[in-house]
Structures are given as structure tokens and as C-alpha cells.
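As provided, input05.csv (CSV, C-alpha atoms) reads as follows.
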chain,number,residue,atom,x,y,z
A,1080,MET,CA,-98.1,-37.2,-5.3
A,1081,THR,CA,-98.5,-40.3,-3.2
A,1082,LEU,CA,-96.6,-41.0,0.0
A,1083,LEU,CA,-94.7,-43.7,-1.8
A,1084,GLU,CA,-93.6,-41.3,-4.5
A,1085,LYS,CA,-92.6,-38.7,-1.9
A,1086,LEU,CA,-90.5,-41.3,-0.1
A,1087,ASN,CA,-89.2,-42.8,-3.4
A,1088,ILE,CA,-90.1,-46.4,-2.4
A,1089,LYS,CA,-92.0,-49.1,-4.4
A,1090,HIS,CA,-93.9,-50.9,-1.6
A,1091,PRO,CA,-96.1,-49.4,1.2
A,1092,ILE,CA,-94.0,-51.0,3.9
A,1093,LEU,CA,-91.9,-49.1,6.5
A,1094,LEU,CA,-89.5,-50.8,8.8
A,1095,ALA,CA,-90.1,-49.6,12.3
A,1096,PRO,CA,-87.1,-47.8,13.7
A,1097,MET,CA,-86.3,-50.0,16.7
A,1098,ALA,CA,-83.7,-48.5,19.0
A,1099,GLY,CA,-81.3,-51.2,20.1
A,1100,VAL,CA,-82.3,-53.6,17.4
A,1101,SER,CA,-82.0,-51.8,14.1
A,1102,THR,CA,-78.7,-51.9,12.2
A,1103,PRO,CA,-77.4,-50.3,9.0
A,1104,THR,CA,-77.4,-53.7,7.4
A,1105,LEU,CA,-81.1,-54.4,8.2
A,1106,ALA,CA,-82.1,-50.9,7.1
A,1107,ALA,CA,-80.3,-51.3,3.8
A,1108,GLU,CA,-81.7,-54.8,3.2
A,1109,VAL,CA,-85.3,-53.5,3.6
A,1110,SER,CA,-84.6,-50.4,1.5
A,1111,ASN,CA,-82.9,-52.4,-1.3
A,1112,GLN,CA,-86.1,-54.4,-1.7
A,1113,GLY,CA,-88.2,-51.3,-2.4
A,1114,ALA,CA,-89.5,-50.7,1.1
A,1115,LEU,CA,-88.3,-48.0,3.6
A,1116,GLY,CA,-85.5,-49.1,5.9
A,1117,SER,CA,-84.9,-47.4,9.2
A,1118,LEU,CA,-82.5,-46.7,12.0
A,1119,GLY,CA,-83.6,-46.3,15.6
A,1120,LEU,CA,-81.1,-43.8,16.8
A,1121,GLY,CA,-82.6,-42.4,20.0
A,1122,ALA,CA,-80.3,-44.4,22.2
A,1123,ASN,CA,-77.2,-43.3,20.3
A,1124,THR,CA,-74.9,-40.4,20.9
A,1125,ALA,CA,-74.8,-37.9,18.0
A,1126,ALA,CA,-71.5,-39.2,16.9
A,1127,ALA,CA,-72.7,-42.9,16.9
A,1128,ALA,CA,-75.9,-41.8,15.1
A,1129,ARG,CA,-73.8,-40.1,12.4
A,1130,GLU,CA,-71.7,-43.2,11.9
A,1131,GLN,CA,-74.8,-45.5,11.5
A,1132,ILE,CA,-76.4,-43.2,8.9
A,1133,ILE,CA,-73.1,-43.0,6.9
A,1134,GLN,CA,-72.8,-46.8,7.0
A,1135,THR,CA,-76.4,-47.2,5.8
A,1136,HIS,CA,-75.7,-44.7,2.9
A,1137,GLN,CA,-72.7,-46.9,2.0
A,1138,LEU,CA,-74.9,-50.0,1.9
A,1139,THR,CA,-77.8,-48.6,-0.1
A,1140,ASP,CA,-78.6,-45.8,-2.6
A,1141,ALA,CA,-82.3,-46.2,-1.7
A,1142,ALA,CA,-84.3,-44.1,0.8
A,1143,PHE,CA,-84.4,-44.8,4.5
A,1144,GLN,CA,-85.6,-43.1,7.7
A,1145,VAL,CA,-83.9,-42.3,11.0
A,1146,ASN,CA,-85.7,-41.9,14.3
A,1147,PHE,CA,-85.1,-40.0,17.5
A,1148,PHE,CA,-86.9,-39.5,20.8
A,1149,CYS,CA,-88.8,-36.2,21.5
A,1150,HIS,CA,-89.6,-36.7,25.2
A,1151,GLU,CA,-89.7,-33.8,27.6
A,1152,SER,CA,-86.6,-34.3,29.6
A,1153,VAL,CA,-87.0,-34.2,33.3
A,1154,PRO,CA,-84.2,-33.5,35.9
A,1155,ALA,CA,-83.2,-36.3,38.2
A,1156,ASP,CA,-85.4,-36.7,41.2
A,1157,ALA,CA,-83.1,-38.2,43.9
A,1158,GLN,CA,-85.9,-39.1,46.2
A,1159,ALA,CA,-88.1,-40.7,43.6
A,1160,ASP,CA,-85.2,-42.5,42.1
A,1161,GLN,CA,-84.1,-43.9,45.5
A,1162,ILE,CA,-87.6,-45.3,46.1
A,1163,TRP,CA,-87.4,-47.2,42.9
A,1164,ILE,CA,-83.8,-48.3,43.6
A,1165,GLU,CA,-84.9,-49.7,47.0
A,1166,ALA,CA,-87.8,-51.5,45.4
A,1167,LEU,CA,-85.5,-53.3,43.1
A,1168,ARG,CA,-82.8,-53.9,45.6
A,1169,PRO,CA,-84.0,-57.5,46.3
A,1170,GLU,CA,-83.7,-58.3,42.6
A,1171,PHE,CA,-80.0,-57.2,42.7
A,1172,GLU,CA,-79.4,-59.1,45.8
A,1173,LYS,CA,-80.5,-62.3,44.1
A,1174,PHE,CA,-77.3,-62.1,42.2
A,1175,ALA,CA,-75.2,-60.9,45.3
A,1176,ALA,CA,-75.1,-57.5,43.8
A,1177,THR,CA,-75.8,-54.0,45.1
A,1178,PRO,CA,-77.9,-51.5,43.1
A,1179,PRO,CA,-76.4,-48.1,42.1
A,1180,SER,CA,-76.8,-45.2,44.5
A,1181,GLN,CA,-78.1,-42.9,41.8
A,1182,LEU,CA,-79.6,-43.1,38.3
A,1183,ASN,CA,-78.5,-41.4,35.1
A,1184,CYS,CA,-80.3,-39.9,32.2
A,1185,ILE,CA,-79.1,-42.3,29.6
A,1186,TYR,CA,-81.2,-41.1,26.6
A,1187,PRO,CA,-81.2,-37.4,25.7
A,1188,SER,CA,-84.1,-35.9,23.7
A,1189,PHE,CA,-84.0,-34.4,20.3
A,1190,LEU,CA,-85.5,-31.4,22.0
A,1191,ASP,CA,-82.6,-30.8,24.3
A,1192,ASN,CA,-80.2,-29.4,21.8
A,1193,ASN,CA,-79.4,-29.4,18.1
A,1194,ASP,CA,-76.7,-32.1,18.1
A,1195,TYR,CA,-79.0,-34.7,16.5
A,1196,LEU,CA,-80.5,-32.2,14.1
A,1197,GLU,CA,-77.0,-31.2,12.8
A,1198,VAL,CA,-76.2,-34.9,12.2
A,1199,VAL,CA,-79.4,-35.3,10.2
A,1200,LEU,CA,-78.8,-32.1,8.2
A,1201,GLU,CA,-75.3,-33.3,7.4
A,1202,THR,CA,-76.1,-36.9,6.4
A,1203,ARG,CA,-79.4,-36.2,4.7
A,1204,PRO,CA,-81.5,-39.4,5.1
A,1205,LYS,CA,-84.7,-39.3,3.2
A,1206,ALA,CA,-86.9,-39.0,6.3
A,1207,VAL,CA,-86.7,-38.5,10.0
A,1208,SER,CA,-89.3,-39.7,12.4
A,1209,PHE,CA,-90.0,-38.9,16.1
A,1210,HIS,CA,-91.4,-40.7,19.1
A,1211,PHE,CA,-92.9,-39.3,22.3
A,1212,GLY,CA,-93.5,-35.8,20.9
A,1213,ILE,CA,-92.8,-33.2,18.2
A,1214,PRO,CA,-89.6,-31.3,17.5
A,1215,HIS,CA,-89.3,-27.6,18.1
A,1216,PRO,CA,-90.7,-25.4,15.3
A,1217,GLU,CA,-87.3,-24.2,14.3
A,1218,GLN,CA,-86.0,-27.8,14.1
A,1219,ILE,CA,-89.0,-28.7,11.8
A,1220,GLN,CA,-88.2,-25.7,9.6
A,1221,ALA,CA,-84.6,-26.7,9.3
A,1222,LEU,CA,-85.5,-30.2,8.2
A,1223,LYS,CA,-88.1,-28.9,5.7
A,1224,ALA,CA,-85.6,-26.5,4.3
A,1225,ALA,CA,-83.2,-29.4,3.7
A,1226,GLY,CA,-85.9,-31.4,1.9
A,1227,ILE,CA,-86.0,-34.1,4.6
A,1228,MET,CA,-89.5,-35.6,5.2
A,1229,THR,CA,-90.8,-35.6,8.8
A,1230,MET,CA,-93.0,-38.2,10.6
A,1231,VAL,CA,-94.3,-38.4,14.1
A,1232,SER,CA,-96.0,-41.1,16.0
A,1233,ALA,CA,-99.6,-40.5,17.3
A,1234,THR,CA,-101.5,-42.7,19.7
A,1235,ASN,CA,-104.6,-40.6,19.8
A,1236,LEU,CA,-106.5,-37.9,17.9
A,1237,PRO,CA,-105.3,-34.9,19.9
A,1238,GLU,CA,-101.6,-35.9,19.2
A,1239,ALA,CA,-102.4,-36.4,15.5
A,1240,ILE,CA,-104.0,-32.9,15.3
A,1241,ARG,CA,-101.0,-31.4,17.0
A,1242,ILE,CA,-98.7,-33.2,14.6
A,1243,GLU,CA,-100.6,-31.8,11.6
A,1244,GLN,CA,-100.7,-28.3,13.1
A,1245,ALA,CA,-96.9,-28.4,13.6
A,1246,GLY,CA,-96.3,-28.8,9.9
A,1247,ILE,CA,-95.1,-32.4,10.0
A,1248,ASP,CA,-95.4,-34.4,6.8
A,1249,VAL,CA,-96.7,-37.8,7.9
A,1250,ILE,CA,-98.6,-39.2,10.9
A,1251,ILE,CA,-97.7,-42.6,12.2
A,1252,ALA,CA,-100.8,-44.1,13.9
A,1253,GLN,CA,-99.4,-46.4,16.6
A,1254,GLY,CA,-102.1,-48.7,17.8
A,1255,ILE,CA,-102.0,-50.5,21.2
A,1256,GLU,CA,-100.9,-53.7,19.6
A,1257,ALA,CA,-97.5,-52.2,18.7
A,1258,GLY,CA,-94.3,-53.6,20.3
A,1259,GLY,CA,-91.9,-51.4,22.1
A,1260,HIS,CA,-92.5,-48.0,23.6
A,1261,ARG,CA,-95.9,-46.3,23.3
A,1262,GLY,CA,-95.4,-43.0,21.5
A,1263,ILE,CA,-97.6,-41.2,23.9
A,1264,PHE,CA,-96.8,-37.5,24.4
A,1265,ASN,CA,-98.0,-37.6,28.1
A,1266,PRO,CA,-96.5,-40.7,29.8
A,1267,THR,CA,-99.4,-40.7,32.3
A,1268,PHE,CA,-102.2,-41.0,29.7
A,1269,ASP,CA,-102.7,-43.6,27.0
A,1270,SER,CA,-106.0,-43.9,25.0
A,1271,ALA,CA,-104.9,-47.5,24.1
A,1272,MET,CA,-106.7,-47.6,20.8
A,1273,PRO,CA,-106.4,-50.5,18.4
A,1274,THR,CA,-104.5,-49.7,15.2
A,1275,ALA,CA,-107.5,-50.0,12.8
A,1276,ASP,CA,-109.7,-47.8,15.1
A,1277,LEU,CA,-107.0,-45.2,15.5
A,1278,LEU,CA,-106.2,-45.1,11.8
A,1279,GLN,CA,-109.9,-44.5,10.9
A,1280,LEU,CA,-110.3,-41.8,13.6
A,1281,ILE,CA,-107.3,-39.9,12.4
A,1282,LEU,CA,-108.3,-40.1,8.8
A,1283,GLN,CA,-111.7,-38.6,9.7
A,1284,HIS,CA,-110.1,-35.5,11.2
A,1285,CYS,CA,-106.7,-35.0,9.5
A,1286,GLN,CA,-105.5,-34.4,6.0
A,1287,LEU,CA,-102.0,-35.8,6.2
A,1288,PRO,CA,-101.0,-39.2,5.0
A,1289,VAL,CA,-101.3,-41.7,7.8
A,1290,VAL,CA,-99.0,-44.8,8.3
A,1291,ALA,CA,-100.6,-47.6,10.3
A,1292,ALA,CA,-98.4,-49.3,12.9
A,1293,GLY,CA,-99.1,-52.0,15.5
A,1294,GLY,CA,-99.8,-55.7,15.3
A,1295,ILE,CA,-99.0,-56.1,11.6
A,1296,MET,CA,-97.2,-59.4,10.9
A,1297,ASN,CA,-98.3,-60.4,7.4
A,1298,GLY,CA,-99.5,-59.0,4.1
A,1299,GLN,CA,-103.1,-59.8,4.7
A,1300,GLN,CA,-103.1,-57.6,7.9
A,1301,ALA,CA,-101.2,-54.9,6.0
A,1302,GLN,CA,-103.7,-54.9,3.1
A,1303,HIS,CA,-106.7,-54.6,5.6
A,1304,LEU,CA,-105.2,-51.4,6.9
A,1305,LEU,CA,-104.4,-50.1,3.4
A,1306,ASN,CA,-108.0,-50.8,2.5
A,1307,LEU,CA,-109.0,-48.6,5.5
A,1308,GLY,CA,-107.0,-45.7,4.1
A,1309,ALA,CA,-103.5,-46.1,5.4
A,1310,ALA,CA,-100.9,-44.7,3.0
A,1311,ALA,CA,-98.5,-47.4,4.2
A,1312,VAL,CA,-97.9,-49.7,7.1
A,1313,GLN,CA,-95.0,-49.8,9.5
A,1314,MET,CA,-93.7,-53.1,10.9
A,1315,GLY,CA,-91.2,-53.9,13.6
A,1316,THR,CA,-91.6,-57.1,15.4
A,1317,ALA,CA,-91.7,-59.2,12.3
A,1318,PHE,CA,-88.1,-58.0,11.5
A,1319,VAL,CA,-86.5,-58.4,15.0
A,1320,GLN,CA,-85.8,-62.1,14.2
A,1321,CYS,CA,-83.8,-61.2,11.0
A,1322,LYS,CA,-80.2,-62.2,11.2
A,1323,SER,CA,-79.2,-58.6,10.3
A,1324,SER,CA,-80.9,-57.2,13.4
A,1325,SER,CA,-78.8,-56.7,16.6
A,1326,ALA,CA,-81.2,-58.7,18.8
A,1327,ASN,CA,-79.3,-61.2,21.0
A,1328,ALA,CA,-79.8,-65.0,20.9
A,1329,ALA,CA,-82.1,-65.0,24.0
A,1330,TYR,CA,-84.3,-62.4,22.5
A,1331,ARG,CA,-84.6,-64.2,19.1
A,1332,GLN,CA,-85.4,-67.5,20.9
A,1333,ALA,CA,-88.0,-65.9,23.1
A,1334,LEU,CA,-89.8,-64.4,20.1
A,1335,PHE,CA,-90.6,-68.0,18.9
A,1336,GLN,CA,-91.0,-69.7,22.2
A,1337,GLN,CA,-92.9,-67.4,24.5
A,1338,PRO,CA,-95.2,-65.2,22.3
A,1339,LEU,CA,-97.3,-63.5,25.0
A,1340,THR,CA,-96.9,-59.8,25.5
A,1341,GLN,CA,-97.8,-57.2,28.1
A,1342,ILE,CA,-97.3,-53.5,28.4
A,1343,THR,CA,-95.1,-52.4,31.4
A,1344,ALA,CA,-93.6,-49.2,32.5
A,1345,SER,CA,-91.3,-50.9,35.1
A,1346,ILE,CA,-88.5,-51.4,32.7
A,1347,SER,CA,-87.9,-47.9,31.4
A,1348,GLY,CA,-90.4,-45.6,33.2
A,1349,ARG,CA,-92.6,-45.3,30.1
A,1350,PRO,CA,-95.2,-47.9,28.9
A,1351,ALA,CA,-93.9,-50.4,26.4
A,1352,ARG,CA,-95.1,-53.7,25.1
A,1353,GLY,CA,-92.8,-56.7,25.4
A,1354,LEU,CA,-92.6,-60.5,25.8
A,1355,MET,CA,-93.6,-61.7,29.3
A,1356,GLN,CA,-90.5,-61.5,31.3
A,1357,HIS,CA,-89.7,-61.2,35.1
A,1358,TRP,CA,-90.8,-57.6,35.0
A,1359,GLN,CA,-94.4,-58.3,33.9
A,1360,LEU,CA,-94.7,-61.5,35.9
A,1361,ALA,CA,-93.2,-60.5,39.3
A,1362,ILE,CA,-92.5,-56.8,39.5
A,1363,ASP,CA,-95.8,-55.4,38.0
A,1364,THR,CA,-97.8,-56.2,41.1
A,1365,PRO,CA,-100.7,-54.1,42.4
A,1366,ASP,CA,-98.5,-52.7,45.2
A,1367,ARG,CA,-95.5,-51.9,43.0
A,1368,ALA,CA,-93.6,-48.9,44.2
A,1369,PRO,CA,-93.8,-45.7,42.0
A,1370,VAL,CA,-91.4,-46.2,39.0
A,1371,ALA,CA,-88.6,-43.7,38.5
A,1372,ALA,CA,-89.1,-41.4,35.5
A,1373,TYR,CA,-87.9,-42.2,32.0
A,1374,PRO,CA,-85.1,-42.8,31.2
A,1375,TYR,CA,-83.7,-43.0,34.7
A,1376,ALA,CA,-85.7,-46.2,35.4
A,1377,TYR,CA,-84.2,-47.6,32.2
A,1378,ASP,CA,-80.7,-47.0,33.6
A,1379,LEU,CA,-81.5,-49.2,36.6
A,1380,ALA,CA,-83.2,-51.9,34.5
A,1381,LYS,CA,-80.2,-52.1,32.1
A,1382,GLN,CA,-77.8,-52.5,35.0
A,1383,LEU,CA,-80.0,-55.2,36.6
A,1384,ASN,CA,-80.2,-57.0,33.3
A,1385,ALA,CA,-76.5,-56.9,32.8
A,1386,ILE,CA,-75.9,-58.4,36.2
A,1387,ALA,CA,-78.5,-61.1,35.7
A,1388,SER,CA,-77.2,-62.0,32.3
A,1389,GLN,CA,-73.7,-62.5,33.7
A,1390,HIS,CA,-75.4,-65.2,35.9
A,1391,GLY,CA,-77.1,-66.8,32.9
A,1392,ASP,CA,-80.5,-65.3,33.7
A,1393,VAL,CA,-82.0,-63.5,30.7
A,1394,SER,CA,-85.5,-62.9,32.2
A,1395,TYR,CA,-84.7,-59.2,33.0
A,1396,GLY,CA,-84.1,-58.3,29.3
A,1397,ALA,CA,-86.4,-55.9,27.5
A,1398,PHE,CA,-87.7,-58.2,24.8
A,1399,TRP,CA,-90.0,-55.7,23.0
A,1400,ALA,CA,-92.6,-57.3,20.7
A,1401,GLY,CA,-96.1,-56.6,19.4
A,1402,SER,CA,-99.3,-58.4,20.4
A,1403,ASN,CA,-99.3,-60.7,17.3
A,1404,VAL,CA,-95.7,-62.0,17.8
A,1405,ALA,CA,-97.0,-65.6,17.7
A,1406,GLN,CA,-97.3,-65.1,13.9
A,1407,ILE,CA,-93.6,-64.3,13.5
A,1408,ARG,CA,-91.7,-66.1,10.7
A,1409,ASP,CA,-88.1,-67.1,10.5
A,1410,MET,CA,-87.0,-65.2,7.4
A,1411,ASN,CA,-84.3,-62.8,6.3
A,1412,ALA,CA,-85.3,-59.2,5.6
A,1413,ALA,CA,-85.2,-59.4,1.8
A,1414,ASP,CA,-87.3,-62.6,1.7
A,1415,LEU,CA,-89.7,-61.2,4.2
A,1416,ILE,CA,-90.3,-58.0,2.2
A,1417,ASN,CA,-90.9,-60.1,-0.9
A,1418,GLN,CA,-93.3,-62.4,0.9
A,1419,LEU,CA,-95.2,-59.4,2.4
A,1420,VAL,CA,-95.6,-57.8,-1.1
A,1421,LEU,CA,-96.9,-61.1,-2.5
A,1422,GLU,CA,-99.4,-61.4,0.3
A,1423,ILE,CA,-100.5,-57.8,-0.1
A,1424,ASN,CA,-101.0,-58.3,-3.8
A,1425,GLN,CA,-103.0,-61.5,-3.3
A,1426,SER,CA,-105.3,-60.0,-0.6
Structure encoded using C-alpha cells:
Amino acid sequence: MTLLEKLNIKHPILLAPMAGVSTPTLAAEVSNQGALGSLGLGANTAAAAREQIIQTHQLTDAAFQVNFFCHESVPADAQADQIWIEALRPEFEKFAATPPSQLNCIYPSFLDNNDYLEVVLETRPKAVSFHFGIPHPEQIQALKAAGIMTMVSATNLPEAIRIEQAGIDVIIAQGIEAGGHRGIFNPTFDSAMPTADLLQLILQHCQLPVVAAGGIMNGQQAQHLLNLGAAAVQMGTAFVQCKSSSANAAYRQALFQQPLTQITASISGRPARGLMQHWQLAIDTPDRAPVAAYPYAYDLAKQLNAIASQHGDVSYGAFWAGSNVAQIRDMNAADLINQLVLEINQS
């Protein structure tokens, strides 16, 4: 049985589960066109995640995936956090504001407890994917017993091998071109492989279906990766501009007007590719102070962005985007899926 048959979808296209951007409406629009919609739920509470999944079920009878973060949670380090707070104090003072005295862990991990797992088992999406790591063995077994497919992002071969050994169903090969957070298990090491190279390397050593992700903006690029052996492709940046996403107006405008990207860890504490903003242009200097750990740094960045936005400055936003964002097209989700399928068939 092919991956498409296992997922019960018509087209080899998966919507990337973008936390903070995905919505039930966007997921349903993609799924209703025969691709696999998604919900990025890592930034949600368990209750909010449950509500989003229920809403998506109400909007589509088709399959969709949900996504959670599997990072190794670290306790707050007051000293390290204070160093980063002081480093960004001048940025707050530009807006006559004072930074917080401490940082909070705003994003829990799927590994921390079974709250998210229980939501997934109750609401039964077709598939659940994970970023930054692999769920506990007992969590994987519970998902398998419920007939829910599992997928995990890999950015290098050792990660892919661990994913296969853990009993996961699908490997998502996330190349360096991908927008948003790198799925690296170890936040201090990134092999930075291009999508096509990573895909071919994993296929040489693993037996699982591999989904290619990173830098894919049109059907021709998708077909190239399918020709290399990908079971499907996963696309995110191309869909951020859709009216049914939750991207704000400044983010949407920037996608079309400033299509240069860079990876930075200054925003969240983990490397992530986004449009060139104040972070990449002014804060990522050679003498930058050590960044607080994820997601404590993200707490500070979000507070700074909120204050700056109140003063009409949107340059502190986390405008995640892939390296080929210059090829983005202004289309709704249904039309974009149809166009991608047409281009794939013509390639």
C-alpha cells in the first residue's frame, strides 16, 4: 500500500503544520482538495488543540494531520535568561518599555505529559507528526493501537535512523531550505543539508516512506523530488499567504515584498528560517550575547514584538518563510492545490 493510500489522500501534497499560522479552515480547504491538511498545535494548550481538531473535523470528512513539538524541556536558567534579557533591554527601551524580569516556558513538549496524547486519541485525526524529536515509546504504541499514523521530521541521517528504529510510520526529510524551525533533535547541531540531498541519503539507508520538505513552491519542484523517490512533498510557505491562514497583514505583505530569508536562533532559542527582519539584520551580530534556551527566548521575543507592534513597528515579528519565498503566488488554498497538481502532472 502506498503512502497516499495509507493516508487516504489523492495527491502527494502535505500542508506543513505551521504553528501560529495554520487554522481549521486552511486545513480543511487543503484536505477537501485531496491533499493532506494540517494543524500546527505545538503552541496550543491541550484544550485549544482539542477545539481546533474538532473544528477541522466539522469542516471536512477528509484526512488531516496534527503536529506537536517533541523538544527536550529544560528548566529555566535564571542567570542565562537574565543575560539575554539584558542584551535585548536596549530594544525594549526604544519603545520606552522595560523588559520582563524573568522568562516563561510558553511551549510545553509532547514528551512532558500525556495531555496532548489524550486529545489525539480522543479526536482521532488521520495522522500526527512531531518536530524536534520522537515521542516516548509508550506514546507511539498508544497512537499505533488507535490506528493513527505517525510522522517525525529528520534533518540528517542519524535522526532518520532513530525515527525508523522507534517504529514511526513516515520520515519527513526537512531540508535546509525549509521555512520555520529546523526540526533538529540537538539544537546545537545542524547538518544543514539541502532537501534533495537529504532525501536521497535517507532513502539509501531507510525503508520507511519519506516525505520531502523544504523550498518547494511549485509543482515542478515537487515533481523533481517525487522523481528522486519522495513518497510525497510537504509545503508550508506557499500557503502562508492564503486568506484562510492566520498570518497577519504585515506578514502577508512581507512575503511578497521582502523575499530574502535567513536562519536565526535569536527569536526563539532554536534555529529557524524567516524573512529578513530586525533580528537577522541587527541582533544577529558576531558579538551577540548567548541566547536564552527555547522556548524562554521566544517568550521574550513575543513580548518585544507585541510592544513594537503597538508602536507601529512590525520588524520584530517572526515571519517564518522558506528560501524560495520569492516564488510565492497569491492564491487561495483550493486553487493552489489544483495548480500544483496540474504542474506536477505536466512535469
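Across the structure, CA of Ile1162 (chain A) and CA of Asp1191 (chain A) are spaced 26.7 Å apart.
CA of Asn1235 (chain A) sits 8.1 Å away from CA of Ile1263 (chain A).
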Proximity check region 1228-1290 of chain A to region 1340-1351 of chain A, 9 Å, nearest pairs one decimal Å, all atoms listed in the file, as JSON lines:
{"residue": "A:Ala1257", "atom": "CA", "partner": "A:Ala1351", "partner_atom": "CA", "distance": 8.7}
{"residue": "A:Gly1258", "atom": "CA", "partner": "A:Ala1351", "partner_atom": "CA", "distance": 6.9}
{"residue": "A:Gly1259", "atom": "CA", "partner": "A:Ala1351", "partner_atom": "CA", "distance": 4.8}
{"residue": "A:His1260", "atom": "CA", "partner": "A:Ala1351", "partner_atom": "CA", "distance": 3.9}
{"residue": "A:Arg1261", "atom": "CA", "partner": "A:Ala1351", "partner_atom": "CA", "distance": 5.5}
{"residue": "A:Gly1262", "atom": "CA", "partner": "A:Pro1350", "partner_atom": "CA", "distance": 8.9}
{"residue": "A:Ile1263", "atom": "CA", "partner": "A:Pro1350", "partner_atom": "CA", "distance": 8.7}
{"residue": "A:Pro1266", "atom": "CA", "partner": "A:Arg1349", "partner_atom": "CA", "distance": 6.0}
{"residue": "A:Thr1267", "atom": "CA", "partner": "A:Arg1349", "partner_atom": "CA", "distance": 8.5}
{"residue": "A:Asp1269", "atom": "CA", "partner": "A:Pro1350", "partner_atom": "CA", "distance": 8.9}
Set out as a tab-separated table a contact list for region 1213-1237 of chain A and region 1289-1295 of chain A with a cut-off of 10 Å, giving each residue of region 1213-1237 of chain A that qualifies its closest atom pair and distance in Å to one decimal, counting only C-alpha atoms, ordered by chain and rising residue number.
residue	atom	partner	partner_atom	distance
A:Met1230	CA	A:Val1290	CA	9.2
A:Val1231	CA	A:Val1290	CA	9.8
A:Ser1232	CA	A:Val1290	CA	9.1
A:Ala1233	CA	A:Val1289	CA	9.7
A:Thr1234	CA	A:Ala1292	CA	10.0
Within 8 Å of Asn1087 (chain A) using only C-alpha atoms, minus same-chain residues under 4 positions, as an MDAnalysis selection string: chainID A and resid 1083 1141:1142
Which residues come within 9 Å of Thr1102 (chain A), counting only C-alpha atoms, excluding same-chain residues fewer than 3 positions away, as a PyMOL selection string? chain A and resi 1099+1105-1107+1117-1119+1131+1135+1323-1325
Could you please determine the separation between CA of Glu1201 (chain A) and CA of Val1249 (chain A) in Å, to one decimal place?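 CA of Val1249 (chain A) lies 21.9 Å from CA of Glu1201 (chain A).
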Please list as an MDAnalysis selection string every residue within 12 Å of Leu1354 (chain A), counting all atoms listed in the file and excluding residues in the same chain fewer than 3 positions away. chainID A and resid 1257:1259 1316 1329:1343 1351 1357:1360 1394:1405
Quick one: of A:Ala1368, A:Leu1282, A:Met1314, A:Met1296, who's nearest to Ile1407 (chain A), counting all atoms listed in the file?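 Among the listed residues, A:Met1296 lies closest to Ile1407 (chain A).
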From A:Phe1143, A:Phe1318, A:Phe1264, A:Tyr1195, residue lying nearest Ile1213 (chain A) [all atoms listed in the file]: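 Among A:Phe1143, A:Phe1318, A:Phe1264, A:Tyr1195, it is A:Phe1264 that comes nearest to Ile1213 (chain A).
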For region 1173-1176 of chain A, list every protein, DNA or RNA residue within 10 Å, evaluated using all atoms listed in the file, and leave out those in the same chain fewer than 4 positions away; present the list as a list in words.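 Residues meeting the cut-off are Arg1168, Pro1169, Leu1383, Ile1386, Ala1387, Ser1388, Gln1389, His1390 and Asp1392 of chain A.
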Just checking: using only C-alpha atoms, which residue out of A:Cys1285, A:Cys1321, A:Ala1275, A:Leu1280 ends up closest to His1303 (chain A)? A:Ala1275
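Among the candidates A:Leu1082, A:Asp1276, A:Asp1414, A:Leu1182, the residue lying nearest to Lys1322 (chain A) is A:Asp1414 (atoms considered: all atoms listed in the file).
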Quick one: of A:Leu1093, A:Ala1206, A:Ile1219, A:Phe1147, who's nearest to Val1312 (chain A), counting only C-alpha atoms? A:Leu1093
When you count all atoms listed in the file, which of these residues is closest to Thr1177 (chain A): A:Ile1416, A:Val1393, A:Leu1379, A:Ile1255?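 Smallest separation from Thr1177 (chain A) among the options: A:Leu1379.
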Counting all atoms listed in the file, I want the residues whose atoms come within 9 Å of (-89.5, -37.1, 9.4) in the file frame, returned as a VMD selection string. chain A and resid 1144 to 1146 1205 to 1209 1219 1222 1227 to 1231 1247 to 1249
